[in-house]
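Here the structure is laid out as structure tokens; the discussion comes afterwards.
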Amino acid sequence: MRAAVISLALLLGGCGHYADFTLPVLTGGKTTLQVTIRPGPVLTPGIWDNSDVLNPSVVERNGHLYNFYSAFDGKTWHTGLAESNDGITWTKHPKPVLSPDGNTWESTYIAANGSALVVGNEFWYWYQTGQHDAPQIALARSKDGVTWTKESKPVLPHGPRGSFDESATADPYVIRLDGTFYLYYLGQNRARQQRLGLARSSDGLIWEKLRSNPVLDLPAPDSKAFDVNGLGEPAVFIWQNSYWMLWTGRDEQEHRALRFASSRDGVHWTPRGEVIRGTEPWNSTVLCDPTILIRNGVPTMWFGGGNKPSPDERLNGSIGMATIQ
């Protein structure tokens, strides 16, 4: 037993893969935020993306918006591309821009649920791929958002045995501050408990995970909380001198909803406000997958919504838009 404990400690502490760190400390500001959801979805299923459109990741380049969204065609999750000038009216690319290759580590199920950034003159996209029940996070890069070059292996693989992310790393959300990339993600252990973790990188390829992960944990099993079945899909942004996170919670009936948390250092988080739920027929049981972009001084959110609770797909998923104050 002692040998096993020492072995685990070496895995967690060695090779530079784990570290103690925070994001740059902020002074702190508001402790409440309000979300105003625009009526009706802004992006709905179409011809090839005919089952679900969810998980938007919206970035701005030269004043133009690019939405790298997840689309389920009934068998496979792909990444699609839609473009817009105002964030409301979107023009879709006619086919997927990123799909799983079916190689030994990527399988054929998913290349989606990603997080995009503009880095130099390229789009960088960290995405979820791998086996259905054991996903990992990979990276692809593109100059035009249509043709992508994938890294040859995952950039954020599973953690060692006994860690909070030993069986899955998924739902990446990447921000960049002072030249350092910070990646918030879902980690899953062997008991299929899903919690939120953090990693950092100087180049977006080689990551070290926070030694004290997870940064946001599950509630008590008997709490009946909105996220008692799992936490996922974090979105982190800076607003009013604080770090803010929106995360998705899944309850016992697989209904999904969102809630805010705030932090001064990006590691220690305090939940804030009420749970945010869908109020229209199209998002009545699922509100999930937020992405945030500050436009004209206002945080704008795009998100997934659905009316059929499910842990994986076939949610009747569409993408909506909201503002945050």
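Labeling convention for the structure tokens: chains A, B, ... as they appear, residues from 1 per chain, ligands from 1 in order of appearance.
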
Find the residues near A:Ala112: any atom within 8 Å, counting only C-alpha atoms, skip ones fewer than 6 places away on the same chain, and give them as an MDAnalysis selection string.
chainID A and resid 69:71 77:79 98:99 127:129

Go ahead and dump the residues you just picked, N, CA and C atoms, as a compact mmCIF listing (two decimals), in the first residue's frame.
# COMPACT_ATOMS: atom_id res chain seq x y z
N TYR A 69 -19.13 25.39 -33.73
CA TYR A 69 -20.16 24.75 -32.93
C TYR A 69 -20.12 23.24 -33.11
N SER A 70 -20.74 22.53 -32.18
CA SER A 70 -20.79 21.06 -32.23
C SER A 70 -22.11 20.63 -32.86
N ALA A 71 -22.02 19.67 -33.77
CA ALA A 71 -23.21 19.21 -34.48
C ALA A 71 -23.24 17.69 -34.52
N TRP A 77 -20.40 13.26 -33.70
CA TRP A 77 -20.29 14.68 -33.38
C TRP A 77 -19.16 15.29 -34.22
N HIS A 78 -19.52 16.31 -35.01
CA HIS A 78 -18.56 17.07 -35.81
C HIS A 78 -18.51 18.51 -35.29
N THR A 79 -17.50 19.25 -35.76
CA THR A 79 -17.47 20.69 -35.55
C THR A 79 -17.89 21.39 -36.83
N LEU A 98 -14.47 19.99 -39.11
CA LEU A 98 -13.60 19.09 -38.35
C LEU A 98 -14.40 17.86 -37.94
N SER A 99 -13.83 16.69 -38.24
CA SER A 99 -14.49 15.42 -37.93
C SER A 99 -13.46 14.45 -37.37
N TYR A 127 -10.33 20.67 -28.62
CA TYR A 127 -11.59 19.98 -28.79
C TYR A 127 -11.56 18.62 -28.10
N GLN A 128 -12.74 18.08 -27.92
CA GLN A 128 -12.91 16.78 -27.28
C GLN A 128 -12.95 15.69 -28.34
N THR A 129 -12.20 14.64 -28.11
CA THR A 129 -12.20 13.53 -29.05
C THR A 129 -11.91 12.25 -28.28

Per residue of stretch 252-313 of chain A within 10 Å of stretch 154-173 of chain A, record the nearest atom pair and its distance in Å to one decimal, counting only C-alpha atoms, with rows in chain order and ascending residue number, as a tab-separated table.
residue	atom	partner	partner_atom	distance
A:Asp289	CA	A:Asp171	CA	8.6
A:Pro290	CA	A:Tyr173	CA	9.7
A:Thr291	CA	A:Tyr173	CA	8.4

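Distance-wise, atom CA of A:Tyr182 and atom CA of A:Ile206 end up 11.4 Å apart.
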
Nearby residues (only C-alpha atoms) at most 9 Å from A:Gly179, same-chain spacing under 3 positions excluded, as a VMD selection string:
chain A and resid 176 202 to 203

Hey, can you spit out that residue selection with C-alpha atoms as a PDB file, in the first residue's frame?
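New file result.pdb:
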ATOM      1  CA  ARG A 176      -5.092  33.541 -22.550  1.00  0.00           C
ATOM      2  CA  SER A 202       3.003  28.574 -22.240  1.00  0.00           C
ATOM      3  CA  ASP A 203       2.469  27.271 -25.772  1.00  0.00           C
TER       4      ASP A 203
END

When you look at A:Trp105 with a cut-off of 6 Å (counting only C-alpha atoms), what residues show up, excluding the ones that are within fewer than 2 positions of it in the same chain? I need them as a PyMOL selection string.
chain A and resi 103+107+130

Under the rule that only C-alpha atoms are counted, which of A:Thr108, A:Ser51, A:Ser201, A:Ser115 is the nearest residue to A:Phe181?
A:Ser201

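Shortest separation to A:Leu65 among A:Trp90, A:Phe226, A:Trp282, A:Trp48 occurs at residue A:Trp90, atoms counted being only C-alpha atoms.
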
Choose the residue, out of A:Leu216, A:Val146, A:Leu81, A:Leu205, that has the smallest atom-to-atom separation from A:Tyr184; count only C-alpha atoms.
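Ranked by minimum distance to A:Tyr184, first place goes to A:Leu216.
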
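If only C-alpha atoms are the atoms counted, then among A:Leu198, A:Ile37, A:Ile294, A:Val58 the closest residue to A:Arg277 is A:Ile37.
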
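Atom CA of A:Ser284 is found 26.8 Å from atom CA of A:Tyr109.
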
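Comparing A:Gly273, A:Gly187, A:Gly306, A:Pro281 by their smallest distance to A:Thr32, the closest is A:Gly273 (using only C-alpha atoms).
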